[in-house]
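Trainee: File work-v9.pdb below, PDB, C-alpha atoms:
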ATOM      1  CA  ALA A 968      -4.062 -16.168 -10.643
ATOM      2  CA  GLN A 969      -2.801 -12.961  -9.180
ATOM      3  CA  SER A 970      -0.002 -10.824 -10.594
ATOM      4  CA  VAL A 971       1.919  -7.705  -9.677
ATOM      5  CA  THR A 972       3.444  -4.999 -11.860
ATOM      6  CA  GLN A 973       6.017  -2.507 -10.685
ATOM      7  CA  PRO A 974       6.353  -0.167 -13.668
ATOM      8  CA  ASP A 975       9.562   1.521 -12.544
ATOM      9  CA  ILE A 976      12.699  -0.594 -12.650
ATOM     10  CA  HIS A 977      14.956   2.091 -11.237
ATOM     11  CA  ILE A 978      14.315   5.433  -9.532
ATOM     12  CA  THR A 979      16.909   8.000  -8.503
ATOM     13  CA  VAL A 980      15.942  10.541  -5.882
ATOM     14  CA  SER A 981      17.805  13.230  -3.984
ATOM     15  CA  GLU A 982      18.209  12.904  -0.251
ATOM     16  CA  GLY A 983      15.389  14.787   1.454
ATOM     17  CA  ALA A 984      13.094  14.587  -1.550
ATOM     18  CA  SER A 985       9.862  12.649  -1.608
ATOM     19  CA  LEU A 986       9.578   9.156  -3.047
ATOM     20  CA  GLU A 987       6.698   7.284  -4.607
ATOM     21  CA  LEU A 988       6.945   3.718  -5.883
ATOM     22  CA  ARG A 989       4.146   2.361  -7.998
ATOM     23  CA  CYS A 990       2.513  -1.029  -7.695
ATOM     24  CA  ASN A 991      -0.410  -2.387  -9.692
ATOM     25  CA  TYR A 992      -1.940  -5.765  -9.054
ATOM     26  CA  SER A 993      -4.368  -8.125 -10.667
ATOM     27  CA  TYR A 994      -6.561 -10.254  -8.426
ATOM     28  CA  GLY A 995     -10.237 -11.124  -8.462
ATOM     29  CA  ALA A 996     -10.964 -10.767  -4.772
ATOM     30  CA  THR A 997      -9.755  -8.464  -2.032
ATOM     31  CA  PRO A 998      -6.042  -9.054  -1.841
ATOM     32  CA  TYR A 999      -3.504  -9.045   0.887
ATOM     33  CA  LEU A1000      -0.890  -6.467  -0.144
ATOM     34  CA  PHE A1001       2.652  -6.061   1.062
ATOM     35  CA  TRP A1002       5.746  -3.976   0.503
ATOM     36  CA  TYR A1003       9.130  -5.492   1.284
ATOM     37  CA  VAL A1004      12.550  -3.865   1.173
ATOM     38  CA  GLN A1005      15.865  -5.522   0.454
ATOM     39  CA  SER A1006      19.062  -3.676   1.237
ATOM     40  CA  PRO A1007      22.178  -4.701  -0.690
ATOM     41  CA  GLY A1008      23.305  -8.179   0.327
ATOM     42  CA  GLN A1009      20.490  -8.535   2.814
ATOM     43  CA  GLY A1010      17.275 -10.474   3.145
ATOM     44  CA  LEU A1011      13.779  -9.051   2.814
ATOM     45  CA  GLN A1012      12.161  -6.911   5.453
ATOM     46  CA  LEU A1013       8.459  -6.140   5.659
ATOM     47  CA  LEU A1014       7.716  -2.422   5.387
ATOM     48  CA  LEU A1015       3.945  -2.540   5.627
ATOM     49  CA  LYS A1016       0.882  -4.564   4.736
ATOM     50  CA  TYR A1017      -2.784  -4.139   3.911
ATOM     51  CA  PHE A1018      -5.458  -6.685   4.698
ATOM     52  CA  SER A1019      -8.621  -4.638   5.178
ATOM     53  CA  GLY A1020      -9.916  -1.482   6.771
ATOM     54  CA  ASP A1021      -8.228   1.889   6.445
ATOM     55  CA  THR A1022      -6.803   2.179   2.947
ATOM     56  CA  LEU A1023      -3.879   4.321   4.067
ATOM     57  CA  VAL A1024      -1.365   2.116   5.805
ATOM     58  CA  GLN A1025       1.575   3.257   7.886
ATOM     59  CA  GLY A1026       4.732   1.208   8.011
ATOM     60  CA  ILE A1027       8.213   1.256   9.404
ATOM     61  CA  LYS A1028      10.959   3.729   8.515
ATOM     62  CA  GLY A1029       8.446   6.476   7.740
ATOM     63  CA  PHE A1030       6.836   4.721   4.772
ATOM     64  CA  GLU A1031       3.150   4.662   3.963
ATOM     65  CA  ALA A1032       1.049   3.093   1.218
ATOM     66  CA  GLU A1033      -2.447   3.669  -0.065
ATOM     67  CA  PHE A1034      -4.728   0.930  -1.357
ATOM     68  CA  LYS A1035      -6.913   2.132  -4.227
ATOM     69  CA  ARG A1036      -9.297  -0.576  -5.280
ATOM     70  CA  SER A1037     -10.609   1.360  -8.287
ATOM     71  CA  GLN A1038      -7.089   1.622  -9.688
ATOM     72  CA  SER A1039      -5.844  -1.780  -8.468
ATOM     73  CA  SER A1040      -2.892   0.019  -6.969
ATOM     74  CA  PHE A1041      -0.907   0.007  -3.769
ATOM     75  CA  ASN A1042       1.694   2.755  -4.131
ATOM     76  CA  LEU A1043       4.418   3.275  -1.558
ATOM     77  CA  ARG A1044       5.407   6.766  -0.430
ATOM     78  CA  LYS A1045       7.902   8.473   1.813
ATOM     79  CA  PRO A1046       7.895  12.255   2.314
ATOM     80  CA  SER A1047      11.647  12.663   2.775
ATOM     81  CA  VAL A1048      14.158   9.969   1.850
ATOM     82  CA  HIS A1049      17.380   9.243   3.665
ATOM     83  CA  TRP A1050      20.530   7.788   2.128
ATOM     84  CA  SER A1051      19.791   4.561   4.004
ATOM     85  CA  ASP A1052      16.608   4.120   1.933
ATOM     86  CA  ALA A1053      18.706   3.094  -1.050
ATOM     87  CA  ALA A1054      17.536  -0.470  -1.635
ATOM     88  CA  GLU A1055      15.328  -2.647  -3.787
ATOM     89  CA  TYR A1056      11.626  -2.555  -3.054
ATOM     90  CA  PHE A1057       9.170  -5.332  -3.803
ATOM     91  CA  CYS A1058       5.411  -5.182  -3.911
ATOM     92  CA  ALA A1059       3.553  -8.451  -3.325
ATOM     93  CA  VAL A1060      -0.053  -9.579  -3.518
ATOM     94  CA  GLY A1061      -1.381 -12.569  -1.628
ATOM     95  CA  ARG A1062      -4.589 -14.491  -1.374
ATOM     96  CA  SER A1063      -6.268 -15.554   1.815
ATOM     97  CA  ASN A1064      -7.089 -19.164   1.040
ATOM     98  CA  ASP A1065      -3.550 -20.478   0.677
ATOM     99  CA  TYR A1066      -1.306 -17.496   1.425
ATOM    100  CA  LYS A1067       0.377 -17.739  -1.961
ATOM    101  CA  LEU A1068       2.231 -14.513  -2.640
ATOM    102  CA  SER A1069       3.211 -13.170  -6.006
ATOM    103  CA  PHE A1070       5.957 -10.580  -6.172
ATOM    104  CA  GLY A1071       6.641  -7.780  -8.566
ATOM    105  CA  ALA A1072      10.001  -7.562 -10.309
ATOM    106  CA  GLY A1073      11.181  -4.876  -7.909
ATOM    107  CA  THR A1074      12.159  -1.208  -8.053
ATOM    108  CA  THR A1075      15.715  -0.202  -7.249
ATOM    109  CA  VAL A1076      16.004   3.131  -5.470
ATOM    110  CA  THR A1077      19.202   5.139  -5.630
ATOM    111  CA  VAL A1078      19.583   8.115  -3.296
ATOM    112  CA  ARG A1079      21.947  10.883  -4.343
ATOM    113  CA  ALA A1080      23.438  13.362  -1.933
TER     114      ALA A1080
ATOM    115  CA  GLU B1111      13.647 -14.772  18.750
ATOM    116  CA  ALA B1112      11.460 -15.627  15.764
ATOM    117  CA  GLN B1113      13.713 -16.965  13.044
ATOM    118  CA  VAL B1114      13.931 -18.698   9.711
ATOM    119  CA  THR B1115      17.370 -20.245   9.289
ATOM    120  CA  GLN B1116      18.817 -21.365   5.977
ATOM    121  CA  ASN B1117      22.013 -23.257   5.314
ATOM    122  CA  PRO B1118      24.325 -22.978   3.560
ATOM    123  CA  ARG B1119      24.356 -19.238   2.955
ATOM    124  CA  TYR B1120      26.799 -19.561   0.090
ATOM    125  CA  LEU B1121      27.551 -22.552  -2.087
ATOM    126  CA  ILE B1122      29.455 -23.166  -5.264
ATOM    127  CA  THR B1123      28.894 -26.543  -6.852
ATOM    128  CA  VAL B1124      29.210 -28.298 -10.190
ATOM    129  CA  THR B1125      26.591 -29.505 -12.622
ATOM    130  CA  GLY B1126      24.945 -32.737 -11.552
ATOM    131  CA  LYS B1127      26.140 -32.865  -7.963
ATOM    132  CA  LYS B1128      23.110 -33.256  -5.710
ATOM    133  CA  LEU B1129      22.688 -30.679  -3.009
ATOM    134  CA  THR B1130      20.239 -29.774  -0.270
ATOM    135  CA  VAL B1131      19.515 -26.358   1.173
ATOM    136  CA  THR B1132      18.035 -26.651   4.638
ATOM    137  CA  CYS B1133      15.406 -24.374   6.117
ATOM    138  CA  SER B1134      14.150 -24.329   9.669
ATOM    139  CA  GLN B1135      11.675 -22.055  11.457
ATOM    140  CA  ASN B1136      10.920 -21.707  15.159
ATOM    141  CA  MET B1137       7.499 -20.038  14.950
ATOM    142  CA  ASN B1138       5.379 -23.179  14.635
ATOM    143  CA  HIS B1139       4.079 -21.954  11.274
ATOM    144  CA  GLU B1140       2.225 -24.485   9.158
ATOM    145  CA  TYR B1141       2.900 -22.730   5.850
ATOM    146  CA  MET B1142       6.364 -22.583   4.369
ATOM    147  CA  SER B1143       7.669 -21.671   0.934
ATOM    148  CA  TRP B1144      10.775 -21.480  -1.227
ATOM    149  CA  TYR B1145      11.537 -18.635  -3.610
ATOM    150  CA  ARG B1146      14.304 -17.882  -6.018
ATOM    151  CA  GLN B1147      15.372 -14.334  -6.796
ATOM    152  CA  ASP B1148      16.862 -13.390 -10.130
ATOM    153  CA  PRO B1149      17.661  -9.886 -11.429
ATOM    154  CA  GLY B1150      14.707  -8.297 -13.165
ATOM    155  CA  LEU B1151      12.365 -11.130 -12.225
ATOM    156  CA  GLY B1152      11.736 -10.490  -8.551
ATOM    157  CA  LEU B1153      10.962 -13.475  -6.374
ATOM    158  CA  ARG B1154       9.365 -16.499  -7.913
ATOM    159  CA  GLN B1155       7.869 -19.296  -5.879
ATOM    160  CA  ILE B1156       9.401 -22.739  -6.331
ATOM    161  CA  TYR B1157       7.413 -24.905  -3.939
ATOM    162  CA  TYR B1158       5.246 -24.369  -0.933
ATOM    163  CA  SER B1159       3.875 -26.474   1.895
ATOM    164  CA  MET B1160       0.647 -25.956   3.768
ATOM    165  CA  ASN B1161       1.417 -28.524   6.448
ATOM    166  CA  VAL B1162       3.435 -31.617   7.272
ATOM    167  CA  GLU B1163       3.465 -34.027   4.319
ATOM    168  CA  VAL B1164       1.549 -31.489   2.173
ATOM    169  CA  THR B1165       3.561 -29.826  -0.576
ATOM    170  CA  ASP B1166       2.682 -28.271  -3.894
ATOM    171  CA  LYS B1167       4.385 -26.707  -6.888
ATOM    172  CA  GLY B1168       4.818 -23.009  -7.199
ATOM    173  CA  ASP B1169       5.562 -21.114 -10.393
ATOM    174  CA  VAL B1170       9.033 -22.543 -11.170
ATOM    175  CA  PRO B1171       9.286 -26.057  -9.717
ATOM    176  CA  GLU B1172      11.300 -27.734 -12.486
ATOM    177  CA  GLY B1173      14.568 -29.215 -11.241
ATOM    178  CA  TYR B1174      13.658 -28.965  -7.565
ATOM    179  CA  LYS B1175      12.202 -31.223  -4.914
ATOM    180  CA  VAL B1176      11.056 -30.549  -1.384
ATOM    181  CA  SER B1177       9.951 -32.533   1.620
ATOM    182  CA  ARG B1178       8.051 -31.660   4.766
ATOM    183  CA  LYS B1179       8.441 -34.433   7.297
ATOM    184  CA  GLU B1180       8.152 -32.167  10.309
ATOM    185  CA  LYS B1181       6.634 -28.761  10.806
ATOM    186  CA  ARG B1182       9.798 -26.803  11.454
ATOM    187  CA  ASN B1183      11.880 -28.019   8.489
ATOM    188  CA  PHE B1184      11.400 -27.570   4.756
ATOM    189  CA  PRO B1185      14.526 -28.546   2.796
ATOM    190  CA  LEU B1186      15.008 -27.722  -0.888
ATOM    191  CA  ILE B1187      16.680 -30.452  -2.925
ATOM    192  CA  LEU B1188      18.432 -30.050  -6.246
ATOM    193  CA  GLU B1189      18.884 -33.602  -7.504
ATOM    194  CA  SER B1190      21.007 -32.654 -10.507
ATOM    195  CA  PRO B1191      21.824 -28.946 -10.443
ATOM    196  CA  SER B1192      22.331 -27.075 -13.686
ATOM    197  CA  PRO B1193      23.806 -23.607 -14.329
ATOM    198  CA  ASN B1194      20.347 -22.086 -14.819
ATOM    199  CA  GLN B1195      19.685 -22.813 -11.156
ATOM    200  CA  THR B1196      22.369 -20.338 -10.165
ATOM    201  CA  SER B1197      20.350 -17.917  -8.085
ATOM    202  CA  LEU B1198      19.604 -16.457  -4.672
ATOM    203  CA  TYR B1199      17.193 -18.666  -2.752
ATOM    204  CA  PHE B1200      14.912 -17.642   0.075
ATOM    205  CA  CYS B1201      12.955 -19.793   2.439
ATOM    206  CA  ALA B1202       9.948 -18.255   4.155
ATOM    207  CA  SER B1203       7.374 -19.258   6.683
ATOM    208  CA  ILE B1204       3.963 -17.675   6.713
ATOM    209  CA  ALA B1205       1.992 -16.479   9.701
ATOM    210  CA  GLN B1206      -1.636 -17.537   9.706
ATOM    211  CA  GLY B1207      -3.065 -15.897  12.769
ATOM    212  CA  ALA B1208      -3.664 -12.239  13.543
ATOM    213  CA  PRO B1209      -2.031  -9.814  13.661
ATOM    214  CA  ASN B1210       0.466 -11.113  11.114
ATOM    215  CA  THR B1211      -1.844 -13.112   8.858
ATOM    216  CA  GLY B1212      -0.287 -13.768   5.488
ATOM    217  CA  GLU B1213       3.021 -12.125   6.360
ATOM    218  CA  LEU B1214       6.157 -13.922   5.177
ATOM    219  CA  PHE B1215       9.111 -14.305   7.496
ATOM    220  CA  PHE B1216      12.192 -14.759   5.353
ATOM    221  CA  GLY B1217      15.455 -16.487   5.927
ATOM    222  CA  GLU B1218      18.633 -14.591   5.073
ATOM    223  CA  GLY B1219      19.008 -16.252   1.699
ATOM    224  CA  SER B1220      21.298 -18.854   0.147
ATOM    225  CA  ARG B1221      23.402 -17.828  -2.812
ATOM    226  CA  LEU B1222      23.978 -20.816  -5.059
ATOM    227  CA  THR B1223      26.356 -20.964  -7.996
ATOM    228  CA  VAL B1224      26.322 -23.980 -10.303
ATOM    229  CA  LEU B1225      29.357 -24.264 -12.584
TER     230      LEU B1225
END
As a first step, turn the structure in this file into structure tokens.
Mentor:
Amino acid sequence: AQSVTQPDIHITVSEGASLELRCNYSYGATPYLFWYVQSPGQGLQLLLKYFSGDTLVQGIKGFEAEFKRSQSSFNLRKPSVHWSDAAEYFCAVGRSNDYKLSFGAGTTVTVRA
Amino acid sequence: EAQVTQNPRYLITVTGKKLTVTCSQNMNHEYMSWYRQDPGLGLRQIYYSMNVEVTDKGDVPEGYKVSRKEKRNFPLILESPSPNQTSLYFCASIAQGAPNTGELFFGEGSRLTVL
């Protein structure tokens, strides 16, 4: 069975600073990898996904993530955060045979002025 | 517009009173799933369905039932709700074909409180 670990429960970052959220997964085959964002009181929105090919993936809102097979990681980055990036971020790993996704516990990002 | 619609969005009920949360999608997806979200635990899968009349347990199925009589609908049933089922519930349908293979499309969530 697959699993996902997001080591950071909460991160505080200044507006304009860079952001990196960590995600480590456990899965025997090549996974499908996703990052979702949830703003307060809202549903989940897909930021980006990795299925195959280029290991650096670009997403919406200026986010990118890099798949590193050797480290079983899929870290999310943004060069310069905006106050509107304050949200909870979830990493998820899926498998191709039945599309079952497992989610990490989430990282809450606070942006200070 | 591609949508997953859940109802009700908010519900307060009492222990033991049966309730159903409906979920409907308009994308003709075969795969659908229910998750619950609890602080510090992320999203955990309750049940999923790979097609009409095909359902299977996820990671936390106890106390829940589902049915899949038609492709677009996937209701979640709590036969006898208990306070530990107080949570935020999400329904999702899953794209199977490119370019969105494996991507979940989420409903807006249903916040359930069981007193």
Trainee: From the options B:Leu1186, B:Ile1204, B:Met1137, B:Val1124, which residue's atoms come nearest to chain A, counting only C-alpha atoms?
Mentor: B:Ile1204
Trainee: Give one line per residue of chain A that approaches chain B to at most 7 Å, naming the two atoms of the closest pair and their distance in Å to one decimal, counting all atoms listed in the file; sort by chain then ascending residue number and deliver it as JSON lines.
Mentor:
{"residue": "A:Gln1009", "atom": "CA", "partner": "B:Glu1218", "partner_atom": "CA", "distance": 6.7}
{"residue": "A:Gly1010", "atom": "CA", "partner": "B:Glu1218", "partner_atom": "CA", "distance": 4.7}
{"residue": "A:Leu1011", "atom": "CA", "partner": "B:Phe1216", "partner_atom": "CA", "distance": 6.4}
{"residue": "A:Tyr1066", "atom": "CA", "partner": "B:Gly1212", "partner_atom": "CA", "distance": 5.6}
{"residue": "A:Phe1070", "atom": "CA", "partner": "B:Leu1153", "partner_atom": "CA", "distance": 5.8}
{"residue": "A:Gly1071", "atom": "CA", "partner": "B:Gly1152", "partner_atom": "CA", "distance": 5.8}
{"residue": "A:Ala1072", "atom": "CA", "partner": "B:Gly1152", "partner_atom": "CA", "distance": 3.8}
{"residue": "A:Gly1073", "atom": "CA", "partner": "B:Gly1152", "partner_atom": "CA", "distance": 5.7}
Trainee: With only C-alpha atoms counted, which protein, DNA or RNA residues have an atom no more than 9 Å from (5.5, -28.2, 14.1) in the file frame? Please answer as number ranges by chain.
Mentor: B: 1136-1140, 1161-1162, 1180-1183
Trainee: By how many Å are atom CA of A:Gly1029 and atom CA of A:Ser993 apart?
Mentor: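 Interatomic distance here is 26.8 Å.
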Trainee: Could you please determine the separation between atom CA of B:Cys1133 and atom CA of B:Leu1121 in Å, to one decimal place?
Mentor: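 Spanning atom CA of B:Cys1133 to atom CA of B:Leu1121 is a straight-line distance of 14.8 Å.
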Trainee: Which residue gives the smallest distance to A:Glu1033 among A:Ser1069, A:Ser1006, A:Ser1047, A:Asn991, with all atoms listed in the file counted?
Mentor: A:Asn991
Trainee: Quick one: pull the distance between atom CA of B:Leu1129 and atom CA of A:Lys1067, Å, one decimal.
Mentor: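 Separation of atom CA of B:Leu1129 and atom CA of A:Lys1067: 25.8 Å.
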Trainee: Suppose a student applies the PyMOL selection byres ((chain A and resi 999) around 7) to this structure; what residues should they get, written as number ranges by chain?
Mentor: A: 997-998, 1000-1001, 1017-1018, 1060-1062
Trainee: To test your reading of the syntax: which residues would the PyMOL selection byres ((chain A and resi 1025) around 12) return for the file shown? Reply as a PyMOL selection string.
Mentor: chain A and resi 1001-1002+1013-1017+1021-1024+1026-1034+1043-1045
Trainee: Rank A:Val1078, A:Ala1054, A:Ala968, A:Val1048 by their smallest atom-to-atom distance to A:Ala996, using only C-alpha atoms, and report the top residue only.
Mentor: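 When distances to A:Ala996 are compared using only C-alpha atoms, the smallest one comes from A:Ala968.
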